[in-house]
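Dumped start_27.csv below, it's CSV, C-alpha atoms and all ligand atoms:
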```csv
chain,number,residue,atom,x,y,z
R,584,MET,CA,-3.6,-15.1,13.7
R,585,SER,CA,-6.3,-13.4,11.7
R,586,HIS,CA,-5.4,-10.7,9.2
R,587,ILE,CA,-5.0,-7.1,10.1
R,588,ILE,CA,-7.2,-4.3,8.7
R,589,ALA,CA,-5.6,-0.9,8.4
R,590,PRO,CA,-8.0,1.8,7.0
R,591,SER,CA,-6.1,4.7,5.3
R,592,LEU,CA,-7.3,8.0,6.6
R,593,LEU,CA,-6.2,9.7,3.4
R,594,ALA,CA,-9.6,9.0,1.9
R,595,SER,CA,-11.5,10.3,5.0
R,596,ASP,CA,-13.1,13.7,5.5
R,597,PHE,CA,-10.3,15.9,6.9
R,598,THR,CA,-12.8,18.2,8.6
R,599,LYS,CA,-13.8,15.3,10.8
R,600,LEU,CA,-10.6,13.6,11.8
R,601,GLY,CA,-11.7,13.3,15.5
R,602,GLU,CA,-15.0,11.6,14.5
R,603,THR,CA,-13.1,9.3,12.1
R,604,ALA,CA,-10.7,8.3,14.9
R,605,ALA,CA,-13.7,7.5,17.2
R,606,MET,CA,-15.4,5.5,14.5
R,607,LEU,CA,-12.2,3.5,13.8
R,608,ASN,CA,-11.7,3.0,17.5
R,609,ALA,CA,-15.1,1.4,17.9
R,610,SER,CA,-14.7,-0.6,14.7
R,611,GLN,CA,-12.9,-3.8,13.9
R,612,ALA,CA,-10.0,-1.8,12.4
R,613,ASP,CA,-6.7,-3.0,13.9
R,614,TRP,CA,-4.4,-0.3,12.7
R,615,PHE,CA,-4.6,3.4,11.6
R,616,HIS,CA,-2.8,3.7,8.2
R,617,LEU,CA,-1.3,7.2,7.9
R,618,ASP,CA,0.0,8.3,4.5
R,619,VAL,CA,2.7,11.0,4.5
R,620,MET,CA,3.5,12.5,1.1
R,621,ASP,CA,6.1,15.1,0.3
R,622,GLY,CA,5.3,16.2,-3.2
R,623,VAL,CA,8.8,15.0,-4.4
R,624,PHE,CA,8.8,11.2,-4.0
R,625,VAL,CA,5.2,11.3,-5.1
R,626,PRO,CA,3.4,14.0,-6.9
R,627,ASN,CA,0.9,14.7,-4.0
R,628,ILE,CA,1.3,16.3,-0.6
R,629,SER,CA,-0.8,15.0,2.3
R,630,PHE,CA,0.0,15.6,6.0
R,631,GLY,CA,2.8,15.2,8.4
R,632,MET,CA,3.8,15.0,12.0
R,633,PRO,CA,1.4,17.6,13.4
R,634,VAL,CA,-1.7,15.7,12.2
R,635,ILE,CA,-0.4,12.4,13.5
R,636,SER,CA,0.4,13.9,16.9
R,637,ALA,CA,-3.1,15.4,17.0
R,638,LEU,CA,-4.6,12.0,16.4
R,639,ARG,CA,-2.3,10.1,18.8
R,640,PRO,CA,-4.3,10.8,22.1
R,641,LEU,CA,-7.5,9.7,20.4
R,642,THR,CA,-6.7,6.0,20.2
R,643,GLU,CA,-4.5,3.2,21.4
R,644,LYS,CA,-4.6,1.4,18.2
R,645,VAL,CA,-1.4,0.9,16.2
R,646,PHE,CA,-0.2,3.9,14.1
R,647,ASP,CA,1.1,2.5,10.8
R,648,VAL,CA,2.9,5.4,9.2
R,649,HIS,CA,3.7,5.1,5.5
R,650,LEU,CA,6.3,7.6,4.5
R,651,MET,CA,6.1,8.5,0.8
R,652,ILE,CA,9.0,11.0,1.1
R,653,GLU,CA,12.5,11.3,-0.2
R,654,GLN,CA,15.3,10.5,2.3
R,655,PRO,CA,13.0,9.4,5.1
R,656,GLU,CA,16.0,8.8,7.4
R,657,ARG,CA,15.8,12.6,8.1
R,658,TYR,CA,12.6,12.3,10.0
R,659,ILE,CA,12.7,9.0,11.9
R,660,ARG,CA,12.8,10.6,15.4
R,661,ASP,CA,10.1,13.1,14.5
R,662,PHE,CA,7.7,10.3,13.5
R,663,LYS,CA,8.5,8.4,16.7
R,664,MET,CA,7.7,11.6,18.7
R,665,ALA,CA,4.5,12.0,16.7
R,666,GLY,CA,3.4,8.5,17.8
R,667,ALA,CA,4.2,6.1,15.0
R,668,ASP,CA,4.4,2.4,16.0
R,669,VAL,CA,5.2,1.0,12.6
R,670,LEU,CA,7.3,3.2,10.3
R,671,THR,CA,7.5,2.3,6.7
R,672,VAL,CA,9.9,3.8,4.2
R,673,HIS,CA,10.1,3.3,0.5
R,674,TYR,CA,12.9,1.1,-0.9
R,675,GLU,CA,13.1,3.6,-3.8
R,676,ALA,CA,13.6,6.6,-1.4
R,677,SER,CA,16.4,5.6,0.9
R,678,LYS,CA,19.9,5.1,-0.4
R,679,HIS,CA,21.2,3.4,2.7
R,680,LEU,CA,18.2,1.4,3.5
R,681,HIS,CA,19.9,-1.0,5.9
R,682,ARG,CA,21.0,2.0,8.1
R,683,THR,CA,17.5,3.5,7.9
R,684,ILE,CA,15.8,0.3,9.0
R,685,HIS,CA,18.1,-0.1,12.0
R,686,ALA,CA,17.6,3.6,12.9
R,687,ILE,CA,13.8,2.9,13.0
R,688,ARG,CA,14.2,-0.1,15.2
R,689,ASP,CA,16.6,1.7,17.4
R,690,GLU,CA,13.9,4.2,18.1
R,691,GLY,CA,11.7,1.3,19.3
R,692,MET,CA,9.4,1.2,16.2
R,693,LYS,CA,8.6,-1.7,13.9
R,694,ALA,CA,10.4,-1.2,10.6
R,695,GLY,CA,8.6,-1.5,7.2
R,696,VAL,CA,9.8,-1.2,3.7
R,697,ALA,CA,7.4,-0.4,0.9
R,698,LEU,CA,7.9,-1.4,-2.8
R,699,ASN,CA,6.5,0.5,-5.8
R,700,PRO,CA,4.7,-1.7,-8.3
R,701,HIS,CA,7.9,-1.8,-10.5
R,702,THR,CA,10.3,-2.9,-7.7
R,703,PRO,CA,10.9,-6.6,-7.5
R,704,VAL,CA,10.5,-8.3,-4.1
R,705,THR,CA,13.8,-10.1,-4.6
R,706,LEU,CA,15.6,-6.8,-4.0
R,707,LEU,CA,14.7,-7.4,-0.3
R,708,TYR,CA,16.7,-10.6,0.2
R,709,ASP,CA,19.5,-8.9,2.1
R,710,VAL,CA,17.3,-7.0,4.5
R,711,LEU,CA,14.4,-9.3,5.0
R,712,ASP,CA,15.9,-10.5,8.3
R,713,ASP,CA,16.1,-6.9,9.6
R,714,ILE,CA,12.5,-5.8,9.0
R,715,ASP,CA,9.0,-6.4,10.4
R,716,LEU,CA,6.8,-5.6,7.5
R,717,VAL,CA,6.9,-5.3,3.7
R,718,CYS,CA,4.3,-3.0,2.1
R,719,LEU,CA,3.6,-4.1,-1.4
R,720,MET,CA,1.9,-1.2,-3.3
R,721,GLY,CA,-1.1,-2.3,-5.4
R,722,VAL,CA,-1.0,1.1,-7.1
R,723,ASN,CA,1.5,3.7,-7.9
R,724,PRO,CA,1.7,5.7,-4.6
R,725,GLY,CA,0.5,9.2,-4.4
R,726,PHE,CA,-3.3,9.0,-4.6
R,727,GLY,CA,-6.2,7.1,-3.2
R,728,GLY,CA,-8.9,5.6,-5.3
R,729,GLN,CA,-6.8,4.0,-8.1
R,730,SER,CA,-7.4,0.6,-9.5
R,731,PHE,CA,-5.5,-2.4,-8.3
R,732,ILE,CA,-2.5,-3.7,-10.4
R,733,GLU,CA,-3.0,-7.4,-10.9
R,734,ASN,CA,0.7,-8.2,-11.0
R,735,THR,CA,0.7,-7.6,-7.2
R,736,TYR,CA,-0.7,-11.1,-6.6
R,737,LEU,CA,2.5,-12.6,-8.0
R,738,LYS,CA,4.6,-10.4,-5.8
R,739,VAL,CA,2.6,-11.5,-2.7
R,740,GLU,CA,3.1,-15.1,-3.6
R,741,GLN,CA,6.9,-14.7,-4.2
R,742,LEU,CA,7.4,-12.7,-1.1
R,743,ARG,CA,5.5,-15.2,1.0
R,744,MET,CA,7.8,-17.9,-0.3
R,745,MET,CA,10.9,-15.8,0.6
R,746,ILE,CA,9.7,-15.2,4.1
R,747,ASP,CA,8.6,-18.8,4.8
R,748,GLU,CA,11.7,-20.3,3.3
R,749,SER,CA,13.8,-18.5,6.0
R,750,ASP,CA,11.1,-18.9,8.7
R,751,LEU,CA,11.0,-15.2,9.3
R,752,ASP,CA,8.4,-13.1,11.1
R,753,VAL,CA,7.7,-10.4,8.5
R,754,LYS,CA,4.2,-9.2,7.7
R,755,ILE,CA,3.1,-8.6,4.2
R,756,GLU,CA,0.9,-5.5,3.8
R,757,ILE,CA,-1.0,-4.6,0.7
R,758,ASP,CA,-1.6,-0.9,0.0
R,759,GLY,CA,-3.6,0.5,-2.8
R,760,GLY,CA,-6.8,-0.6,-4.7
R,761,VAL,CA,-7.8,-3.1,-2.0
R,762,ASN,CA,-11.5,-4.0,-2.0
R,763,SER,CA,-13.8,-6.9,-1.1
R,764,GLU,CA,-13.2,-8.3,-4.6
R,765,ASN,CA,-9.4,-8.8,-4.4
R,766,ALA,CA,-9.0,-9.1,-0.6
R,767,SER,CA,-9.7,-12.8,-0.2
R,768,LYS,CA,-7.3,-13.6,-3.1
R,769,LEU,CA,-4.6,-11.4,-1.5
R,770,LEU,CA,-5.0,-13.2,1.8
R,771,GLU,CA,-4.9,-16.6,0.1
R,772,TYR,CA,-1.6,-15.7,-1.5
R,773,GLY,CA,-0.2,-14.8,1.9
R,774,ALA,CA,-1.0,-11.2,2.8
R,775,ASP,CA,-1.2,-10.3,6.5
R,776,VAL,CA,-2.3,-6.7,6.5
R,777,LEU,CA,-4.8,-5.0,4.2
R,778,VAL,CA,-4.8,-1.3,3.8
R,779,ALA,CA,-8.0,0.2,2.5
R,780,GLY,CA,-8.7,3.9,1.8
R,781,SER,CA,-11.5,4.7,-0.6
R,782,PHE,CA,-13.1,1.3,-0.3
R,783,VAL,CA,-13.8,2.0,3.4
R,784,PHE,CA,-14.3,5.8,3.5
R,785,ARG,CA,-16.4,6.1,0.3
R,786,SER,CA,-18.7,3.3,1.4
R,787,GLU,CA,-22.0,4.1,2.9
R,788,ASN,CA,-21.1,2.5,6.3
R,789,PRO,CA,-17.4,2.4,6.9
R,790,THR,CA,-17.8,0.4,10.1
R,791,GLU,CA,-19.6,-2.3,8.2
R,792,THR,CA,-17.1,-2.2,5.4
R,793,ILE,CA,-14.3,-2.7,7.9
R,794,LYS,CA,-16.2,-5.6,9.4
R,795,GLN,CA,-16.7,-7.1,6.0
R,796,LEU,CA,-12.9,-7.0,5.3
R,797,LYS,CA,-12.1,-8.3,8.7
R,798,GLU,CA,-14.4,-11.3,8.5
R,799,ILE,CA,-13.0,-12.6,5.2
R,800,GLU,CA,-11.8,-16.2,5.7
R,801,ARG,CA,-8.3,-16.9,4.6
Z,901,LIG,C1,-1.5,5.5,-1.8
Z,901,LIG,C2,-1.5,5.4,-0.3
Z,901,LIG,C3,-2.6,4.5,0.1
Z,901,LIG,C4,-4.0,5.0,-0.2
Z,901,LIG,C5,-4.8,3.8,-0.5
Z,901,LIG,O1,-0.4,6.3,-2.2
Z,901,LIG,O2,-0.3,4.9,0.2
Z,901,LIG,O3,-2.5,4.1,1.5
Z,901,LIG,O4,-4.6,5.8,0.8
Z,901,LIG,O5,-6.0,4.2,-1.0
Z,901,LIG,P1,-7.0,3.3,-1.8
Z,901,LIG,O6,-7.3,2.2,-0.8
Z,901,LIG,O7,-8.1,4.2,-2.1
Z,901,LIG,O8,-6.2,2.8,-3.0
Z,902,ZN,ZN,-0.3,4.0,2.2
```

What would you get if you wrote out this structure as structure tokens?
Amino acid sequence: MSHIIAPSLLASDFTKLGETAAMLNASQADWFHLDVMDGVFVPNISFGMPVISALRPLTEKVFDVHLMIEQPERYIRDFKMAGADVLTVHYEASKHLHRTIHAIRDEGMKAGVALNPHTPVTLLYDVLDDIDLVCLMGVNPGFGGQSFIENTYLKVEQLRMMIDESDLDVKIEIDGGVNSENASKLLEYGADVLVAGSFVFRSENPTETIKQLKEIER
């Protein structure tokens, strides 16, 4: 299967969310990546359930919700109600991660776990079988437009080995600093989903930029 492109709306113009949704709908984007920040787990605050529910009727594409919040287990139901299809929580933010993952799946969503740049992929050994996606952060979460941390390549490679070794169906998503320069290498190392915020929305023609990312050969 070809790789998945998930533009992050964080870098888009918030006065035009409806137009952005229409553009993404008509584009080769596969998923909508929605970044929720609480000002505690990360220094920034973005948006939450009301914005996601407002977008939900505008598209049938997958809503990939990335929670950068402390104790995400408090809001699993709310994000299901808002329209999340994939719900990703941070390893660093949930003390009882196994329980959290299962609560996400019990609500009928795909469960993802995100790792900060300093968190080793090997910490996922005991839950890899219980999740659908691992989100490897290519930057420290909290802001769009930061530059990609090169060590992420090694993490993709290592995680790919862990997943293939056990013949699991877990997607590897890369979030932060993704652009056309690092995308093909990330795919080569085994990434399945590329999130791109500023690279898409600060480009002159976002639709074309999405196409360019989608058409990269693995
Ligand atoms: C960062 C967010 C990312 C962000 C990516 O904390 O999780 O999804 O929007 O933005 P870029 O692609 O600009 O690094
Ligand atoms: Zn994100």

*Skip segment 589-605 of chain R itself and residues of its chain fewer than 5 positions away, then list as a VMD selection string all residues within 7 Å of it, counting only C-alpha atoms.*
chain R and resid 612 to 618 641 727 776 to 781 783 to 784

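One finds atom CA of Val669 of chain R at 15.0 Å from atom CA of Gly631 of chain R.
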
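Minimum atom-to-atom distances from R:Asp647, R:Glu764, R:Glu771, R:Glu733 to ligand ZN 902 (chain Z) were compared using all atoms listed in the file, and the lowest value belongs to R:Asp647.
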
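Contact shell of Phe624 of chain R at 10 Å (all atoms listed in the file; same-chain neighbours under 5 positions omitted): Leu650, Met651, Ile652, Glu653, Gln654, His673, Glu675, Ala676, Pro724 and Gly725 of chain R.
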
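Taking atom CA of Leu711 of chain R and atom CA of Leu670 of chain R as the two end points, the separation is 15.3 Å.
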
Show me, as lines of an AutoDock Vina configuration file, the centre and edge lengths in Å to one decimal of the axis-aligned box that covers every listed atom of segment 744-761 of chain R with 3 Å on each side.
```
center_x = 3.0
center_y = -9.9
center_z = 3.2
size_x = 27.6
size_y = 26.8
size_z = 21.8
```

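Pairwise distance (atom CA of Leu796 of chain R, atom O4 of ligand LIG 901 (chain Z)) equals 15.9 Å.
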
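Proximity ranking of R:Val645, R:Met664, R:Met606, R:Ala697 relative to ligand LIG 901 (chain Z) places R:Ala697 first, based on all atoms listed in the file.
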
*Determine the nearest neighbour of His679 of chain R from the options R:Ile793, R:Val710, R:Leu607, R:Leu698, counting only C-alpha atoms.*
R:Val710

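Using all atoms listed in the file, the nearest neighbour of Met720 of chain R within the list R:Asp621, R:Asp661, R:Asp758, R:Asp747 is R:Asp758.
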
*Starting from the point (9.7, -15.0, 1.7), work out which residues of protein, DNA or RNA have an atom no more than 12 Å away when counting only C-alpha atoms; state them as an MDAnalysis selection string.*
chainID R and resid 704:712 716:717 738:755 772:774

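Here the question is which of R:Glu656, R:Glu791, R:Asp689, R:Asp668 gets nearest to Ser763 of chain R using all atoms listed in the file, and that residue is R:Glu791.
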
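Among the candidates R:Thr735, R:Thr671, R:Asn699, R:Gln611, the residue lying nearest to Ala766 of chain R is R:Thr735 (atoms considered: only C-alpha atoms).
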
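Every polymer residue reaching to within 7 Å of (7.1, 2.2, 18.6), counting all atoms listed in the file, appears in this list: R:Lys663, R:Ala667, R:Asp668, R:Val669, R:Gly691, R:Met692, R:Lys693.
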
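Neighbours of Asp775 of chain R closer than or equal to 8 Å, with all atoms listed in the file counted and sequence neighbours fewer than 4 positions away skipped, come out as Ser585, His586, Ile587, Lys754, Ile755, Glu756 and Leu770 of chain R.
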